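S.K.: Following this message is one structure expressed as structure tokens.
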Amino acid sequence: MAPMRGLSSSDPRELVAFAEAAVDQVTDLFRAGLGAEPARFKGESDFATEIDLRIEEHLRVTLSQLTGIPVFGEESGGALEDTVWVVDPVDGTANFSAGNPCCGILVSLLHDTKPVVAVADFPLLERRVVAAEGMPLRSSGGPATGFGGGEGAQGFDEARGHVGCSSHLPTDLFNDLRETGLRPRMTGSVGLDNAFVAQGVFDGAVNFSPHPWDNAAGALMIKAAGGRVSDPDGNEWTATSKGFVGGTPQVHATILDAIARNPRGQR
């Protein structure tokens with residue numbers, strides 16, 4: 001990465017510290033706001049709370065001031081520039097508004113449409129997963145053995161194969177995944193699904209979200225954990241991808257095969 005305005009170094013291993021510092025400043029607000037009512041409706045069954053708006057504004061100001069890098073956020077928009085912070089202030093807003101703790105804060109840094117820094121924090125679950133290009137995955141609040149359950153864990157068989165699925169997943173594809181022996185699970189948070197894969201709680205995750213703030217952090221975290229990620233066609237995931245598949249090599253391949261059998265699931 002070339003040097004960026006306002007920084008003596010563009011090393012992702014240094015930039016990740018700024019992302020964590022920004023997230024640390026809003027976790028108390030996140031916790032205190034649990035149960036916030038909808039404040040802005042963005043479409044059918046999609047809304048933001050005042051907490052979404054306040055957290056995003058705080059992250060936008062903090063990250064831009066600390067690094068000089070622009071911010072692209074779910075609530076206030078921006079542009080997908082060559083190098084840009086991507087922010088989801090409350091991933092799983094419907095959960096958050098309902099008082100469900102399966103929700104979190106996602107911050108990632110994209111360079112040439114690919115993630116190089118990722119912080120996924122889930123304050124109500126006391127879990128955080130951090131990744132940056134050139135450094136090992138760092139995880140707290142999850143299984144000590146990490147991705148895949150460790151050397152002594154069971155392989156993919158009828159006892160495992162838990163897969164995080166978006167509630168928007170087509171029924172035919174959902175049923176196909178079950179018939180392969182996988183165990184679909186719905187947390188209501190795409191970011192948590194992906195973090196669970198990186199932590200070894202889930203063995204895979206799939207969604208058809210076209211929004212980079214949903215999957216950018218997960219793409220880097222799962223790769224850093226030793227997993228595979230792609231778009232639903234098996235191509236490299238980028239900020240313009242319309243969907244995401246991640247997991248252990250076997251589960252990732254199994255999900256792609258199921259999508260290929262149900263092509264309408266990608267539309």
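Please note that chains go A, B, ... in the order of the structure tokens, that every chain numbers its residues from 1, and that ligands are numbered from 1 in the order shown.
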Based on DSSP run over this structure's backbone, return all residues of stretch 228-264 of chain A in helix (DSSP H, G or I), as JSON, numbers by chain.
M.R.: {"A": [249, 250, 251, 252, 253, 254, 255, 256, 257, 258, 259, 260, 261, 263, 264]}
S.K.: Please provide the set of residues having any atom within 12 Å of stretch 238-244 of chain A, restricted to only C-alpha atoms, with same-chain residues fewer than 6 positions apart removed, written as a PyMOL selection string.
M.R.: chain A and resi 72+79-86+108-116+164-166+168-169+190-191+193-194+204-220+222+228-232+252+255-256+259+265-267
S.K.: Identify, on the basis of only C-alpha atoms, every residue whose closest approach to A:Ala17 does not exceed 12 Å; exclude the query and any residue fewer than 4 positions from it along the same chain; express the result as a PDB file with N, CA, C and O atoms, in the first residue's frame.
M.R.:
```pdb
ATOM      1  N   ASP A  11       0.984   0.789   7.004  1.00  0.00           N
ATOM      2  CA  ASP A  11       1.021  -0.604   7.401  1.00  0.00           C
ATOM      3  C   ASP A  11      -0.294  -0.966   8.092  1.00  0.00           C
ATOM      4  O   ASP A  11      -0.643  -0.371   9.117  1.00  0.00           O
ATOM      5  N   PRO A  12      -1.051  -1.939   7.570  1.00  0.00           N
ATOM      6  CA  PRO A  12      -2.311  -2.327   8.210  1.00  0.00           C
ATOM      7  C   PRO A  12      -2.143  -2.730   9.668  1.00  0.00           C
ATOM      8  O   PRO A  12      -3.053  -2.544  10.474  1.00  0.00           O
ATOM      9  N   ARG A  13      -0.987  -3.254  10.024  1.00  0.00           N
ATOM     10  CA  ARG A  13      -0.756  -3.670  11.411  1.00  0.00           C
ATOM     11  C   ARG A  13      -0.718  -2.473  12.359  1.00  0.00           C
ATOM     12  O   ARG A  13      -0.935  -2.618  13.567  1.00  0.00           O
ATOM     13  N   ALA A  21      -9.213   1.595  18.605  1.00  0.00           N
ATOM     14  CA  ALA A  21      -9.395   2.756  19.476  1.00  0.00           C
ATOM     15  C   ALA A  21     -10.742   3.433  19.206  1.00  0.00           C
ATOM     16  O   ALA A  21     -11.449   3.844  20.140  1.00  0.00           O
ATOM     17  N   ALA A  22     -11.115   3.531  17.932  1.00  0.00           N
ATOM     18  CA  ALA A  22     -12.391   4.151  17.583  1.00  0.00           C
ATOM     19  C   ALA A  22     -13.556   3.316  18.101  1.00  0.00           C
ATOM     20  O   ALA A  22     -14.544   3.862  18.628  1.00  0.00           O
ATOM     21  N   VAL A  23     -13.456   2.008  17.952  1.00  0.00           N
ATOM     22  CA  VAL A  23     -14.521   1.125  18.440  1.00  0.00           C
ATOM     23  C   VAL A  23     -14.620   1.193  19.960  1.00  0.00           C
ATOM     24  O   VAL A  23     -15.719   1.229  20.530  1.00  0.00           O
ATOM     25  N   ASP A  24     -13.485   1.229  20.631  1.00  0.00           N
ATOM     26  CA  ASP A  24     -13.490   1.308  22.102  1.00  0.00           C
ATOM     27  C   ASP A  24     -14.281   2.518  22.597  1.00  0.00           C
ATOM     28  O   ASP A  24     -14.897   2.465  23.668  1.00  0.00           O
ATOM     29  N   LEU A  63     -12.179   8.179  13.015  1.00  0.00           N
ATOM     30  CA  LEU A  63     -11.305   7.513  12.047  1.00  0.00           C
ATOM     31  C   LEU A  63     -10.703   8.503  11.053  1.00  0.00           C
ATOM     32  O   LEU A  63      -9.523   8.410  10.705  1.00  0.00           O
ATOM     33  N   LEU A  66      -8.032  10.600  12.962  1.00  0.00           N
ATOM     34  CA  LEU A  66      -6.839   9.843  13.342  1.00  0.00           C
ATOM     35  C   LEU A  66      -5.979   9.440  12.146  1.00  0.00           C
ATOM     36  O   LEU A  66      -4.755   9.365  12.251  1.00  0.00           O
ATOM     37  N   THR A  67      -6.623   9.176  11.024  1.00  0.00           N
ATOM     38  CA  THR A  67      -5.878   8.588   9.897  1.00  0.00           C
ATOM     39  C   THR A  67      -5.889   9.419   8.624  1.00  0.00           C
ATOM     40  O   THR A  67      -5.074   9.177   7.731  1.00  0.00           O
ATOM     41  N   VAL A 107     -15.975  -2.580  11.674  1.00  0.00           N
ATOM     42  CA  VAL A 107     -15.130  -1.566  11.045  1.00  0.00           C
ATOM     43  C   VAL A 107     -14.068  -2.290  10.222  1.00  0.00           C
ATOM     44  O   VAL A 107     -13.409  -3.211  10.715  1.00  0.00           O
ATOM     45  N   SER A 108     -13.918  -1.890   8.973  1.00  0.00           N
ATOM     46  CA  SER A 108     -12.878  -2.486   8.130  1.00  0.00           C
ATOM     47  C   SER A 108     -12.246  -1.404   7.275  1.00  0.00           C
ATOM     48  O   SER A 108     -12.834  -0.348   7.042  1.00  0.00           O
ATOM     49  N   LEU A 109     -11.046  -1.671   6.829  1.00  0.00           N
ATOM     50  CA  LEU A 109     -10.347  -0.777   5.908  1.00  0.00           C
ATOM     51  C   LEU A 109     -10.186  -1.505   4.594  1.00  0.00           C
ATOM     52  O   LEU A 109      -9.630  -2.613   4.546  1.00  0.00           O
ATOM     53  N   VAL A 117      -7.833  -4.423   6.960  1.00  0.00           N
ATOM     54  CA  VAL A 117      -7.985  -4.275   8.407  1.00  0.00           C
ATOM     55  C   VAL A 117      -9.423  -4.626   8.748  1.00  0.00           C
ATOM     56  O   VAL A 117     -10.343  -4.271   8.002  1.00  0.00           O
ATOM     57  N   ALA A 118      -9.636  -5.300   9.871  1.00  0.00           N
ATOM     58  CA  ALA A 118     -10.993  -5.651  10.280  1.00  0.00           C
ATOM     59  C   ALA A 118     -11.092  -5.712  11.798  1.00  0.00           C
ATOM     60  O   ALA A 118     -10.242  -6.312  12.459  1.00  0.00           O
ATOM     61  N   VAL A 119     -12.148  -5.084  12.327  1.00  0.00           N
ATOM     62  CA  VAL A 119     -12.486  -5.199  13.741  1.00  0.00           C
ATOM     63  C   VAL A 119     -13.981  -5.487  13.821  1.00  0.00           C
ATOM     64  O   VAL A 119     -14.803  -4.722  13.303  1.00  0.00           O
ATOM     65  N   VAL A 130     -10.244  -9.495  15.607  1.00  0.00           N
ATOM     66  CA  VAL A 130      -9.434  -8.452  14.973  1.00  0.00           C
ATOM     67  C   VAL A 130      -8.484  -9.099  13.979  1.00  0.00           C
ATOM     68  O   VAL A 130      -7.844 -10.118  14.278  1.00  0.00           O
ATOM     69  N   ALA A 131      -8.381  -8.495  12.800  1.00  0.00           N
ATOM     70  CA  ALA A 131      -7.458  -8.997  11.784  1.00  0.00           C
ATOM     71  C   ALA A 131      -6.854  -7.830  11.028  1.00  0.00           C
ATOM     72  O   ALA A 131      -7.461  -6.771  10.901  1.00  0.00           O
ATOM     73  N   ALA A 132      -5.651  -8.025  10.542  1.00  0.00           N
ATOM     74  CA  ALA A 132      -4.997  -7.058   9.665  1.00  0.00           C
ATOM     75  C   ALA A 132      -4.018  -7.809   8.785  1.00  0.00           C
ATOM     76  O   ALA A 132      -3.436  -8.820   9.208  1.00  0.00           O
TER      77      ALA A 132
END
```
S.K.: Which is closer to A:Phe196 than all the others in A:Phe122, A:Phe18, A:Phe96, A:Phe47, using only C-alpha atoms?
M.R.: A:Phe122
S.K.: Would you mind writing down, as an MDAnalysis selection string, each residue of stretch 130-242 of chain A that DSSP on the backbone assigns to strand (DSSP E or B)?
M.R.: chainID A and resid 130:132 138:140 162:165 183:185 204:207 228:230
S.K.: Take the residues just selected and output them with N, CA and C atoms as an mmCIF file, in the first residue's frame.
M.R.:
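Full text of again.cif as output:
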```cif
data_model
loop_
_atom_site.group_PDB
_atom_site.id
_atom_site.type_symbol
_atom_site.label_atom_id
_atom_site.label_comp_id
_atom_site.auth_asym_id
_atom_site.auth_seq_id
_atom_site.Cartn_x
_atom_site.Cartn_y
_atom_site.Cartn_z
ATOM 1 N N VAL A 130 -10.244 -9.495 15.607
ATOM 2 C CA VAL A 130 -9.434 -8.452 14.973
ATOM 3 C C VAL A 130 -8.484 -9.099 13.979
ATOM 4 N N ALA A 131 -8.381 -8.495 12.800
ATOM 5 C CA ALA A 131 -7.458 -8.997 11.784
ATOM 6 C C ALA A 131 -6.854 -7.830 11.028
ATOM 7 N N ALA A 132 -5.651 -8.025 10.542
ATOM 8 C CA ALA A 132 -4.997 -7.058 9.665
ATOM 9 C C ALA A 132 -4.018 -7.809 8.785
ATOM 10 N N ARG A 138 -6.621 -12.180 15.887
ATOM 11 C CA ARG A 138 -6.725 -12.041 17.337
ATOM 12 C C ARG A 138 -8.197 -12.112 17.726
ATOM 13 N N SER A 139 -8.503 -13.000 18.664
ATOM 14 C CA SER A 139 -9.888 -13.227 19.039
ATOM 15 C C SER A 139 -10.017 -13.287 20.551
ATOM 16 N N SER A 140 -11.073 -12.666 21.076
ATOM 17 C CA SER A 140 -11.339 -12.743 22.504
ATOM 18 C C SER A 140 -12.813 -13.048 22.722
ATOM 19 N N HIS A 162 -22.052 -26.448 11.290
ATOM 20 C CA HIS A 162 -22.961 -25.341 11.553
ATOM 21 C C HIS A 162 -22.649 -24.185 10.599
ATOM 22 N N VAL A 163 -23.693 -23.656 9.961
ATOM 23 C CA VAL A 163 -23.531 -22.606 8.953
ATOM 24 C C VAL A 163 -24.441 -21.434 9.278
ATOM 25 N N GLY A 164 -23.861 -20.247 9.385
ATOM 26 C CA GLY A 164 -24.645 -19.044 9.602
ATOM 27 C C GLY A 164 -25.326 -18.624 8.309
ATOM 28 N N CYS A 165 -26.631 -18.427 8.356
ATOM 29 C CA CYS A 165 -27.412 -18.090 7.167
ATOM 30 C C CYS A 165 -28.228 -16.827 7.397
ATOM 31 N N ARG A 183 -25.781 -27.778 9.113
ATOM 32 C CA ARG A 183 -26.795 -27.350 10.080
ATOM 33 C C ARG A 183 -26.947 -25.825 10.007
ATOM 34 N N PRO A 184 -27.888 -25.329 9.208
ATOM 35 C CA PRO A 184 -28.079 -23.878 9.090
ATOM 36 C C PRO A 184 -28.492 -23.259 10.423
ATOM 37 N N ARG A 185 -27.928 -22.077 10.702
ATOM 38 C CA ARG A 185 -28.248 -21.334 11.918
ATOM 39 C C ARG A 185 -28.479 -19.875 11.535
ATOM 40 N N GLY A 204 -19.145 -22.409 8.601
ATOM 41 C CA GLY A 204 -19.340 -21.675 7.363
ATOM 42 C C GLY A 204 -20.401 -20.610 7.534
ATOM 43 N N ALA A 205 -20.513 -19.737 6.539
ATOM 44 C CA ALA A 205 -21.527 -18.682 6.533
ATOM 45 C C ALA A 205 -21.843 -18.324 5.091
ATOM 46 N N VAL A 206 -23.100 -17.948 4.843
ATOM 47 C CA VAL A 206 -23.504 -17.574 3.493
ATOM 48 C C VAL A 206 -24.581 -16.502 3.565
ATOM 49 N N ASN A 207 -24.467 -15.501 2.695
ATOM 50 C CA ASN A 207 -25.505 -14.486 2.557
ATOM 51 C C ASN A 207 -25.390 -13.890 1.163
ATOM 52 N N ARG A 228 -11.615 -20.225 3.819
ATOM 53 C CA ARG A 228 -11.771 -19.769 2.431
ATOM 54 C C ARG A 228 -12.973 -18.848 2.331
ATOM 55 N N VAL A 229 -12.859 -17.827 1.498
ATOM 56 C CA VAL A 229 -13.953 -16.893 1.267
ATOM 57 C C VAL A 229 -14.075 -16.621 -0.224
ATOM 58 N N SER A 230 -15.297 -16.305 -0.643
ATOM 59 C CA SER A 230 -15.539 -15.981 -2.056
ATOM 60 C C SER A 230 -16.906 -15.329 -2.172
#
```
S.K.: Give me the residues within 12 Å of stretch 55-62 of chain A as a PyMOL selection string, counting only C-alpha atoms and dropping any in the same chain fewer than 2 places off.
M.R.: chain A and resi 18-33+48-53+64-78+84-91+104-108+213
S.K.: Put those residues in a file: C-alpha atoms, as a PDB file, in the first residue's frame.
M.R.:
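What ended up in out-v8.pdb:
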```
ATOM      1  CA  PHE A  18      -6.782   3.202  15.173  1.00  0.00           C
ATOM      2  CA  ALA A  19      -9.798   1.047  14.315  1.00  0.00           C
ATOM      3  CA  GLU A  20      -9.791  -0.589  17.731  1.00  0.00           C
ATOM      4  CA  ALA A  21      -9.395   2.756  19.476  1.00  0.00           C
ATOM      5  CA  ALA A  22     -12.391   4.151  17.583  1.00  0.00           C
ATOM      6  CA  VAL A  23     -14.521   1.125  18.440  1.00  0.00           C
ATOM      7  CA  ASP A  24     -13.490   1.308  22.102  1.00  0.00           C
ATOM      8  CA  GLN A  25     -14.916   4.826  22.263  1.00  0.00           C
ATOM      9  CA  VAL A  26     -18.443   3.730  21.272  1.00  0.00           C
ATOM     10  CA  THR A  27     -18.945   0.397  23.062  1.00  0.00           C
ATOM     11  CA  ASP A  28     -20.486   2.034  26.141  1.00  0.00           C
ATOM     12  CA  LEU A  29     -22.950   3.913  23.934  1.00  0.00           C
ATOM     13  CA  PHE A  30     -23.766   0.628  22.186  1.00  0.00           C
ATOM     14  CA  ARG A  31     -24.473  -1.162  25.472  1.00  0.00           C
ATOM     15  CA  ALA A  32     -26.545   1.680  26.890  1.00  0.00           C
ATOM     16  CA  GLY A  33     -28.637   1.935  23.722  1.00  0.00           C
ATOM     17  CA  ALA A  48     -31.841   2.534  11.842  1.00  0.00           C
ATOM     18  CA  THR A  49     -32.035   3.691  15.443  1.00  0.00           C
ATOM     19  CA  GLU A  50     -30.636   6.905  16.879  1.00  0.00           C
ATOM     20  CA  ILE A  51     -27.808   4.777  18.273  1.00  0.00           C
ATOM     21  CA  ASP A  52     -26.855   3.613  14.760  1.00  0.00           C
ATOM     22  CA  LEU A  53     -26.649   7.225  13.661  1.00  0.00           C
ATOM     23  CA  SER A  64     -10.980  10.409   9.629  1.00  0.00           C
ATOM     24  CA  GLN A  65      -9.233  12.583  12.213  1.00  0.00           C
ATOM     25  CA  LEU A  66      -6.839   9.843  13.342  1.00  0.00           C
ATOM     26  CA  THR A  67      -5.878   8.588   9.897  1.00  0.00           C
ATOM     27  CA  GLY A  68      -6.929  11.101   7.249  1.00  0.00           C
ATOM     28  CA  ILE A  69      -8.702   8.256   5.416  1.00  0.00           C
ATOM     29  CA  PRO A  70     -12.326   8.804   4.296  1.00  0.00           C
ATOM     30  CA  VAL A  71     -15.209   6.775   5.724  1.00  0.00           C
ATOM     31  CA  PHE A  72     -18.011   4.925   3.928  1.00  0.00           C
ATOM     32  CA  GLY A  73     -20.844   4.085   6.332  1.00  0.00           C
ATOM     33  CA  GLU A  74     -24.131   2.232   6.171  1.00  0.00           C
ATOM     34  CA  GLU A  75     -26.163   5.163   7.461  1.00  0.00           C
ATOM     35  CA  SER A  76     -24.455   8.247   6.008  1.00  0.00           C
ATOM     36  CA  GLY A  77     -22.928   6.829   2.861  1.00  0.00           C
ATOM     37  CA  GLY A  78     -19.717   7.991   1.243  1.00  0.00           C
ATOM     38  CA  VAL A  84     -11.549   3.802   2.661  1.00  0.00           C
ATOM     39  CA  TRP A  85     -12.846   2.840   6.082  1.00  0.00           C
ATOM     40  CA  VAL A  86     -16.130   0.928   5.893  1.00  0.00           C
ATOM     41  CA  VAL A  87     -18.388   1.106   8.944  1.00  0.00           C
ATOM     42  CA  ASP A  88     -21.492  -0.730  10.110  1.00  0.00           C
ATOM     43  CA  PRO A  89     -22.351   0.985  13.412  1.00  0.00           C
ATOM     44  CA  VAL A  90     -24.901  -1.621  14.513  1.00  0.00           C
ATOM     45  CA  ASP A  91     -24.850  -4.863  12.575  1.00  0.00           C
ATOM     46  CA  GLY A 104     -22.219  -5.672  16.988  1.00  0.00           C
ATOM     47  CA  ILE A 105     -19.968  -3.007  15.485  1.00  0.00           C
ATOM     48  CA  LEU A 106     -18.043  -3.678  12.261  1.00  0.00           C
ATOM     49  CA  VAL A 107     -15.130  -1.566  11.045  1.00  0.00           C
ATOM     50  CA  SER A 108     -12.878  -2.486   8.130  1.00  0.00           C
ATOM     51  CA  TRP A 213     -20.107  -3.086   5.334  1.00  0.00           C
TER      52      TRP A 213
END
```
S.K.: Mind checking which residues fall within 12 Å of A:Asp46, counting only C-alpha atoms, ignoring those fewer than 6 positions away in the same chain, and posting them as a PyMOL selection string?
M.R.: chain A and resi 38-40+74-75+91-95+97
